[in-house]
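Colleague: The structure's right below; bear with me while I get my questions together.
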Amino acid sequence: MKSIIAFLQRSENFCIAVCFIVMCLAEFAQVVNRNLIGAGISWFDELARYCMVYMTLLATEAGLRDGSQIAVTALTDKMPPFVRWILRLLVKVVIVGFSILVLNDSIGMLQMQLENGQVSAGLGIPMWVPYAILPLAFGAIAIVQTVSFITLLIKGRSDNTNARSQEDEKI
């Protein structure tokens, strides 16, 4: 299981880096083209926009995985360890539930785009390509956060049991 998660993380990080590079190059080319040559090419902006969407949604999963998302912990920091553990489990459940809901809806949107055959205005690519990031990102979030929930559940249970037994020994 760890090898699957590690592969998923490496793939996400690679895609984020590629999207960032392509986005920067496309915007740079658009600015140079518009200011020096005097002709704007609309597909540069569209490419940069799609790369930004892919990068943002994949980075959301990476931030959730690494715990680098912004959080207000003033209240939870004052709680006992067991209550903090329960709250962390509850947060994981909410994240997984939300991700599964969005995943389910995004699969429907993707199917609709596949049936429609609509193409983008600038690049002329099928619109299912930009929409494909929704099930990919939220599927990855659901998988990784479920594994994180199970790990937290197993680790936290043993940590809480050890902490309680140490407290019992002191008494």
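By convention here, the chains of the structure tokens are called A, B, ... in the order presented, each chain's residues are numbered starting at 1, and ligands are numbered starting at 1 in the order presented.
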Report as a PyMOL selection string: the residues of chain A with a DSSP assignment of helix (DSSP H, G or I), based on the backbone of this structure.
Modeller: chain A and resi 2-37+42-66+76-78+81-116+128-131+133-170
Colleague: What are the closest atom pairs, with distances in Å to one decimal, for each residue of range 78-103 of chain A lying within 12 Å of range 64-70 of chain A, using only C-alpha atoms, rows by chain and rising residue number, as CSV?
Modeller:
residue,atom,partner,partner_atom,distance
A:Arg88,CA,A:Gly67,CA,11.4
A:Val91,CA,A:Leu64,CA,11.1
A:Lys92,CA,A:Leu64,CA,9.8
A:Ile95,CA,A:Leu64,CA,9.3
A:Val96,CA,A:Leu64,CA,11.2
A:Ser99,CA,A:Leu64,CA,11.9
Colleague: Just want the 12 Å neighbourhood of Met127 in chain A, counted on only C-alpha atoms, with same-chain residues fewer than 4 positions away dropped. Output as a PDB file with C-alpha atoms, in the first residue's frame.
Modeller:
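File produced: out_1.pdb:
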ATOM      1  CA  GLU A  46      -6.091  28.984 -22.252  1.00  0.00           C
ATOM      2  CA  TYR A  50      -5.791  24.781 -17.668  1.00  0.00           C
ATOM      3  CA  MET A 109     -19.669  15.875 -15.565  1.00  0.00           C
ATOM      4  CA  LEU A 110     -16.824  14.054 -17.285  1.00  0.00           C
ATOM      5  CA  GLN A 111     -19.231  11.563 -18.862  1.00  0.00           C
ATOM      6  CA  MET A 112     -21.365  14.449 -20.111  1.00  0.00           C
ATOM      7  CA  GLN A 113     -18.297  16.071 -21.696  1.00  0.00           C
ATOM      8  CA  LEU A 114     -17.318  12.794 -23.343  1.00  0.00           C
ATOM      9  CA  GLU A 115     -20.825  12.454 -24.830  1.00  0.00           C
ATOM     10  CA  ASN A 116     -20.995  16.115 -25.912  1.00  0.00           C
ATOM     11  CA  GLY A 117     -17.786  16.203 -27.889  1.00  0.00           C
ATOM     12  CA  GLN A 118     -17.327  19.908 -27.066  1.00  0.00           C
ATOM     13  CA  VAL A 119     -13.871  21.372 -27.754  1.00  0.00           C
ATOM     14  CA  SER A 120     -12.122  24.340 -26.165  1.00  0.00           C
ATOM     15  CA  ALA A 121     -12.117  27.658 -27.995  1.00  0.00           C
ATOM     16  CA  GLY A 122      -8.387  28.337 -28.169  1.00  0.00           C
ATOM     17  CA  LEU A 123      -6.604  24.994 -28.091  1.00  0.00           C
ATOM     18  CA  TYR A 131     -12.606  18.287 -16.694  1.00  0.00           C
ATOM     19  CA  ALA A 132     -10.604  15.091 -16.131  1.00  0.00           C
ATOM     20  CA  ILE A 133      -8.649  16.718 -13.311  1.00  0.00           C
TER      21      ILE A 133
END
